[in-house]
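Source file: protein.pdb; contents: PDB, C-alpha atoms.
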ATOM      1  CA  THR A 265     -16.744  32.610  23.510
ATOM      2  CA  TYR A 266     -15.377  29.867  21.280
ATOM      3  CA  ASN A 267     -14.950  30.019  17.521
ATOM      4  CA  LEU A 268     -14.753  26.898  15.383
ATOM      5  CA  LYS A 269     -13.368  27.032  11.838
ATOM      6  CA  ILE A 270     -12.974  23.976   9.653
ATOM      7  CA  ASN A 271     -11.311  23.866   6.234
ATOM      8  CA  SER A 272     -11.017  20.785   4.060
ATOM      9  CA  ASP A 273      -8.433  19.965   1.432
ATOM     10  CA  LEU A 274     -11.282  20.192  -1.127
ATOM     11  CA  GLY A 275     -11.725  23.910  -0.441
ATOM     12  CA  LEU A 276     -14.839  23.506   1.708
ATOM     13  CA  SER A 277     -15.145  25.427   4.957
ATOM     14  CA  ALA A 278     -17.536  25.782   7.869
ATOM     15  CA  GLU A 279     -17.517  27.899  10.981
ATOM     16  CA  ALA A 280     -19.555  28.388  14.134
ATOM     17  CA  GLU A 281     -19.423  30.242  17.429
ATOM     18  CA  CYS A 282     -20.772  29.594  20.917
ATOM     19  CA  THR A 283     -20.624  31.385  24.240
ATOM     20  CA  VAL A 284     -20.514  29.420  27.486
ATOM     21  CA  PRO A 285     -23.181  30.689  29.918
ATOM     22  CA  GLY A 286     -22.007  32.523  33.037
ATOM     23  CA  ASP A 287     -20.996  30.226  35.879
ATOM     24  CA  SER A 288     -22.838  31.227  39.023
ATOM     25  CA  PRO A 289     -24.406  29.042  41.710
ATOM     26  CA  MET A 290     -28.014  28.218  40.929
ATOM     27  CA  ASN A 291     -28.745  26.946  44.467
ATOM     28  CA  ILE A 292     -31.351  24.405  43.370
ATOM     29  CA  SER A 293     -33.905  23.460  46.007
ATOM     30  CA  VAL A 294     -36.796  21.011  46.131
ATOM     31  CA  ASP A 295     -39.727  21.604  48.476
ATOM     32  CA  ASN A 296     -43.452  21.142  49.093
ATOM     33  CA  LEU A 297     -43.244  17.437  48.376
ATOM     34  CA  THR A 298     -46.535  15.574  48.712
ATOM     35  CA  TYR A 299     -47.225  11.915  48.103
ATOM     36  CA  VAL A 300     -50.772  11.001  46.976
ATOM     37  CA  LYS A 301     -52.404   7.588  46.549
ATOM     38  CA  HIS A 302     -54.849   7.175  43.633
ATOM     39  CA  GLU A 303     -57.305   4.316  43.135
ATOM     40  CA  THR A 304     -59.311   3.511  40.006
ATOM     41  CA  SER A 305     -62.024   0.852  40.267
ATOM     42  CA  TYR A 306     -63.061  -1.193  37.254
ATOM     43  CA  GLY A 307     -66.327  -3.084  36.783
ATOM     44  CA  ASP A 308     -64.714  -6.504  37.140
ATOM     45  CA  GLY A 309     -63.644  -5.787  40.721
ATOM     46  CA  TYR A 310     -60.084  -4.838  39.735
ATOM     47  CA  VAL A 311     -58.729  -1.770  41.524
ATOM     48  CA  HIS A 312     -55.715  -0.052  40.015
ATOM     49  CA  ILE A 313     -53.606   1.786  42.613
ATOM     50  CA  TYR A 314     -50.804   4.186  41.799
ATOM     51  CA  TYR A 315     -49.075   7.128  43.441
ATOM     52  CA  THR A 316     -48.101  10.637  42.423
ATOM     53  CA  ILE A 317     -45.467  12.880  43.909
ATOM     54  CA  ASP A 318     -45.978  16.643  43.662
ATOM     55  CA  PHE A 319     -43.041  18.951  44.343
ATOM     56  CA  GLY A 320     -41.611  22.370  43.645
ATOM     57  CA  ILE A 321     -38.195  23.226  42.216
ATOM     58  CA  ALA A 322     -36.534  26.619  42.598
ATOM     59  CA  PHE A 323     -33.211  28.005  41.375
ATOM     60  CA  ASN A 324     -31.463  31.365  41.027
ATOM     61  CA  ASP A 325     -31.321  33.340  37.804
ATOM     62  CA  ILE A 326     -28.565  35.835  37.022
ATOM     63  CA  TYR A 327     -29.837  39.403  36.724
ATOM     64  CA  GLY A 328     -29.192  41.329  33.511
ATOM     65  CA  GLU A 329     -28.442  38.307  31.295
ATOM     66  CA  LYS A 330     -30.665  36.543  28.808
ATOM     67  CA  ASN A 331     -30.633  33.008  30.258
ATOM     68  CA  PHE A 332     -31.911  29.700  28.913
ATOM     69  CA  TYR A 333     -32.538  26.563  30.955
ATOM     70  CA  ARG A 334     -33.320  22.908  30.412
ATOM     71  CA  MET A 335     -34.892  20.771  33.130
ATOM     72  CA  ALA A 336     -34.034  17.091  33.527
ATOM     73  CA  GLY A 337     -33.968  14.508  36.245
ATOM     74  CA  SER A 338     -34.925  11.077  37.435
ATOM     75  CA  ILE A 339     -36.655   9.342  40.291
ATOM     76  CA  LYS A 340     -35.365   6.189  41.935
ATOM     77  CA  THR A 341     -37.809   4.397  44.216
ATOM     78  CA  TYR A 342     -37.344   1.505  46.610
ATOM     79  CA  MET A 343     -40.310  -0.591  47.700
ATOM     80  CA  THR A 344     -41.206  -3.836  49.393
ATOM     81  CA  SER A 345     -43.945  -5.859  47.709
ATOM     82  CA  SER A 346     -47.004  -6.536  49.859
ATOM     83  CA  TYR A 347     -47.453  -9.828  47.980
ATOM     84  CA  ASP A 348     -44.108 -11.578  48.176
ATOM     85  CA  GLY A 349     -42.090  -9.364  50.556
ATOM     86  CA  LYS A 350     -39.371  -8.854  47.915
ATOM     87  CA  HIS A 351     -37.540  -5.570  47.531
ATOM     88  CA  TYR A 352     -37.751  -3.744  44.212
ATOM     89  CA  VAL A 353     -35.941  -0.743  42.780
ATOM     90  CA  TYR A 354     -37.495   1.351  40.006
ATOM     91  CA  HIS A 355     -35.653   4.074  38.123
ATOM     92  CA  GLN A 356     -37.329   6.366  35.642
ATOM     93  CA  PRO A 357     -36.478   9.675  33.967
ATOM     94  CA  LEU A 358     -38.642  12.660  34.808
ATOM     95  CA  ASN A 359     -40.587  14.147  31.923
ATOM     96  CA  PHE A 360     -40.977  17.856  32.478
ATOM     97  CA  PRO A 361     -43.900  19.333  30.506
ATOM     98  CA  ASN A 362     -41.927  22.582  30.130
ATOM     99  CA  GLU A 363     -38.463  21.154  29.655
ATOM    100  CA  TYR A 364     -37.019  24.357  28.135
ATOM    101  CA  LEU A 365     -37.295  27.657  30.015
ATOM    102  CA  THR A 366     -36.035  31.216  29.698
ATOM    103  CA  ASP A 367     -35.789  33.975  32.255
ATOM    104  CA  LYS A 368     -38.022  36.237  30.184
ATOM    105  CA  GLY A 369     -40.221  38.137  32.635
ATOM    106  CA  VAL A 370     -38.417  36.742  35.696
ATOM    107  CA  ASP A 371     -34.885  38.076  35.150
ATOM    108  CA  GLY A 372     -32.779  38.036  38.293
ATOM    109  CA  THR A 373     -35.383  36.297  40.454
ATOM    110  CA  ARG A 374     -35.594  32.830  41.929
ATOM    111  CA  ILE A 375     -37.309  30.778  39.230
ATOM    112  CA  ARG A 376     -39.893  28.337  40.590
ATOM    113  CA  ILE A 377     -41.727  25.493  38.855
ATOM    114  CA  ASN A 378     -44.125  22.866  40.184
ATOM    115  CA  GLU A 379     -44.105  19.273  38.934
ATOM    116  CA  THR A 380     -46.099  16.064  39.354
ATOM    117  CA  ILE A 381     -44.580  12.618  38.907
ATOM    118  CA  ASN A 382     -46.940   9.776  38.097
ATOM    119  CA  SER A 383     -45.668   6.417  39.349
ATOM    120  CA  ASN A 384     -48.044   4.468  37.114
ATOM    121  CA  PHE A 385     -44.975   2.765  35.607
ATOM    122  CA  SER A 386     -44.659   0.482  38.639
ATOM    123  CA  ASN A 387     -48.329  -0.614  38.641
ATOM    124  CA  SER A 388     -47.698  -1.177  42.312
ATOM    125  CA  PHE A 389     -50.039  -1.879  45.191
ATOM    126  CA  SER A 390     -47.270  -1.103  47.684
ATOM    127  CA  PRO A 391     -46.207   2.412  48.576
ATOM    128  CA  TYR A 392     -42.569   3.344  48.248
ATOM    129  CA  ASP A 393     -40.256   2.677  51.176
ATOM    130  CA  SER A 394     -38.158   5.586  49.935
ATOM    131  CA  ALA A 395     -37.771   7.723  46.829
ATOM    132  CA  PHE A 396     -34.922   9.910  45.598
ATOM    133  CA  LEU A 397     -35.395  12.766  43.158
ATOM    134  CA  GLU A 398     -32.327  13.800  41.185
ATOM    135  CA  ILE A 399     -32.890  17.173  39.560
ATOM    136  CA  PHE A 400     -30.640  18.701  36.889
ATOM    137  CA  VAL A 401     -30.892  22.321  35.757
ATOM    138  CA  TYR A 402     -28.878  23.013  32.617
ATOM    139  CA  LYS A 403     -27.975  26.632  31.933
ATOM    140  CA  THR A 404     -27.649  26.665  28.159
ATOM    141  CA  ASP A 405     -26.846  29.080  25.406
ATOM    142  CA  GLU A 406     -29.584  30.083  22.941
ATOM    143  CA  PRO A 407     -28.412  27.818  20.046
ATOM    144  CA  TYR A 408     -28.653  24.764  22.380
ATOM    145  CA  GLN A 409     -32.274  25.582  23.130
ATOM    146  CA  LEU A 410     -33.195  26.472  19.537
ATOM    147  CA  TYR A 411     -31.683  23.213  18.273
ATOM    148  CA  HIS A 412     -33.468  20.992  20.817
ATOM    149  CA  LYS A 413     -36.799  22.751  20.312
ATOM    150  CA  SER A 414     -36.455  22.339  16.552
ATOM    151  CA  MET A 415     -35.684  18.629  17.039
ATOM    152  CA  ASP A 416     -38.830  18.260  19.148
ATOM    153  CA  ASN A 417     -40.844  19.901  16.340
ATOM    154  CA  TYR A 418     -39.077  17.794  13.707
ATOM    155  CA  ASN A 419     -39.819  14.460  15.453
ATOM    156  CA  ASP A 420     -43.536  14.325  14.795
ATOM    157  CA  GLY A 421     -43.687  10.526  14.892
ATOM    158  CA  GLU A 422     -45.206   8.619  12.037
ATOM    159  CA  ASN A 423     -47.720  11.275  10.994
ATOM    160  CA  PRO A 424     -47.635  11.296   7.168
ATOM    161  CA  PHE A 425     -49.530  14.615   7.098
ATOM    162  CA  SER A 426     -47.129  16.576   9.280
ATOM    163  CA  GLU A 427     -45.325  19.579   7.865
ATOM    164  CA  VAL A 428     -41.598  19.448   7.231
ATOM    165  CA  THR A 429     -39.825  21.438   9.931
ATOM    166  CA  PRO A 430     -36.223  22.580   9.472
ATOM    167  CA  VAL A 431     -33.768  21.683  12.226
ATOM    168  CA  PHE A 432     -31.874  24.640  13.674
ATOM    169  CA  SER A 433     -28.215  24.899  12.672
ATOM    170  CA  ASN A 434     -25.695  27.555  13.673
ATOM    171  CA  VAL A 435     -22.892  26.289  11.443
ATOM    172  CA  GLU A 436     -22.184  28.552   8.490
ATOM    173  CA  GLY A 437     -21.185  26.548   5.433
ATOM    174  CA  GLY A 438     -22.594  23.328   6.880
ATOM    175  CA  LEU A 439     -25.218  21.769   9.092
ATOM    176  CA  GLY A 440     -24.988  21.115  12.778
ATOM    177  CA  ILE A 441     -24.904  22.693  16.167
ATOM    178  CA  PHE A 442     -22.030  24.207  18.115
ATOM    179  CA  CYS A 443     -23.292  25.069  21.581
ATOM    180  CA  SER A 444     -22.529  24.909  25.289
ATOM    181  CA  TYR A 445     -24.131  24.449  28.674
ATOM    182  CA  LEU A 446     -23.336  24.247  32.368
ATOM    183  CA  TYR A 447     -25.416  22.351  34.858
ATOM    184  CA  ASP A 448     -26.089  22.020  38.531
ATOM    185  CA  SER A 449     -27.956  19.240  40.314
ATOM    186  CA  THR A 450     -29.438  18.222  43.609
ATOM    187  CA  ILE A 451     -30.775  15.042  45.149
ATOM    188  CA  TYR A 452     -33.824  15.172  47.379
TER     189      TYR A 452
END

In structure tokens, what does this structure look like?
Amino acid sequence: TYNLKINSDLGLSAEAECTVPGDSPMNISVDNLTYVKHETSYGDGYVHIYYTIDFGIAFNDIYGEKNFYRMAGSIKTYMTSSYDGKHYVYHQPLNFPNEYLTDKGVDGTRIRINETINSNFSNSFSPYDSAFLEIFVYKTDEPYQLYHKSMDNYNDGENPFSEVTPVFSNVEGGLGIFCSYLYDSTIY
């Protein structure tokens, strides 16, 4: 546990505390990978072809602790164009629908999630020659997760009718976040 105390020469002060999550191997694994071709035909004879990759991710949770996780990653694909024979590399971040997780209800088990990646970004008629998934699992403290969730709620785009949402802060006497995380990763 770390304590942060700040005092200014004007008599102002702020303080915060964070606890680094327990460091234990998460043993991340990726499995059940399937690669599916999708075709959409349009009335003018145009056929749009794209691919999806479905896969499962699993990692260990520590028993008896309240744990918080954040999922992140990217996919890097290599392909050869069927039109010009050139080689292309595409790199895109993965967008996990449930980016923030807890171990509530699954404490001490192997946590498993299933994901689908849509490769529509490449608008490609050629399948990948190869693809690499890089998966990151961040084990965070609770303030990290509360702050990021509040930022997601705060960033409601340009909607002039949205409600004002306060951003989480764990700094007494000021605004901000003092938090910690550990992460593990794997490439598949």

Pick out the residues sitting within 9 Å of region 434-446 of chain A, and hand them over as a PyMOL selection string; count only C-alpha atoms, and ignore anything fewer than 2 positions along from it in its own chain.
chain A and resi 268+276-287+333+401-408+411+431-432+448

Could you state the separation of CA of Ala336 (chain A) and CA of Asn359 (chain A) in Å, given to one decimal place?
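These two atoms are separated by 7.4 Å.
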
Picked residues, the PyMOL selection byres ((chain A and resi 342-352) around 7), as number ranges by chain
A: 340-341, 353-354, 390-395

Around all of region 362-371 of chain A's listed atoms, make the axis-aligned box with 8 Å on each side and tell me centre and edge lengths in Å to one decimal, as AutoDock Vina command-line options.
--center_x -38.4 --center_y 29.6 --center_z 31.9 --size_x 23.0 --size_y 33.0 --size_z 23.6

Decode the PyMOL selection byres ((chain A and resi 326) around 9) for the given file into explicit residues and return them as a short mmCIF file (atom, residue, chain, number, x, y, z; two decimals) with C-alpha atoms, keeping the file's coordinate frame.
data_model
loop_
_atom_site.label_atom_id
_atom_site.label_comp_id
_atom_site.auth_asym_id
_atom_site.auth_seq_id
_atom_site.Cartn_x
_atom_site.Cartn_y
_atom_site.Cartn_z
CA GLY A 286 -22.01 32.52 33.04
CA SER A 288 -22.84 31.23 39.02
CA MET A 290 -28.01 28.22 40.93
CA ASN A 324 -31.46 31.36 41.03
CA ASP A 325 -31.32 33.34 37.80
CA TYR A 327 -29.84 39.40 36.72
CA GLY A 328 -29.19 41.33 33.51
CA GLU A 329 -28.44 38.31 31.30
CA LYS A 330 -30.66 36.54 28.81
CA ASN A 331 -30.63 33.01 30.26
CA ASP A 367 -35.79 33.98 32.26
CA ASP A 371 -34.88 38.08 35.15
CA GLY A 372 -32.78 38.04 38.29
CA THR A 373 -35.38 36.30 40.45
#

Just to confirm, what's the straight-line distance from CA of Phe400 (chain A) to CA of Thr450 (chain A) in Å (one decimal)?
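Calculated distance between CA of Phe400 (chain A) and CA of Thr450 (chain A) is 6.8 Å.
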
Provide the CA of Phe396 (chain A) to CA of Asp318 (chain A) distance in Å, to one decimal place.
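Going from CA of Phe396 (chain A) over to CA of Asp318 (chain A) covers 13.1 Å.
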
Show which residues sit within 9 Å of Ile399 (chain A), as a PyMOL selection string. Count only C-alpha atoms, and ignore same-chain residues fewer than 2 positions away.
chain A and resi 292+294+321+335-339+358+397+401+448-452

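Distances from A:Asn362, A:Thr316, A:Thr429, A:Asn417 to Asn382 (chain A) were compared using all atoms listed in the file, and the smallest one belongs to A:Thr316.
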
Using the chain letters and numbering of this document, enumerate as a list in words the residues selected by the PyMOL selection byres ((chain A and resi 365) around 6).
Phe332, Tyr333, Tyr364 and Thr366 of chain A
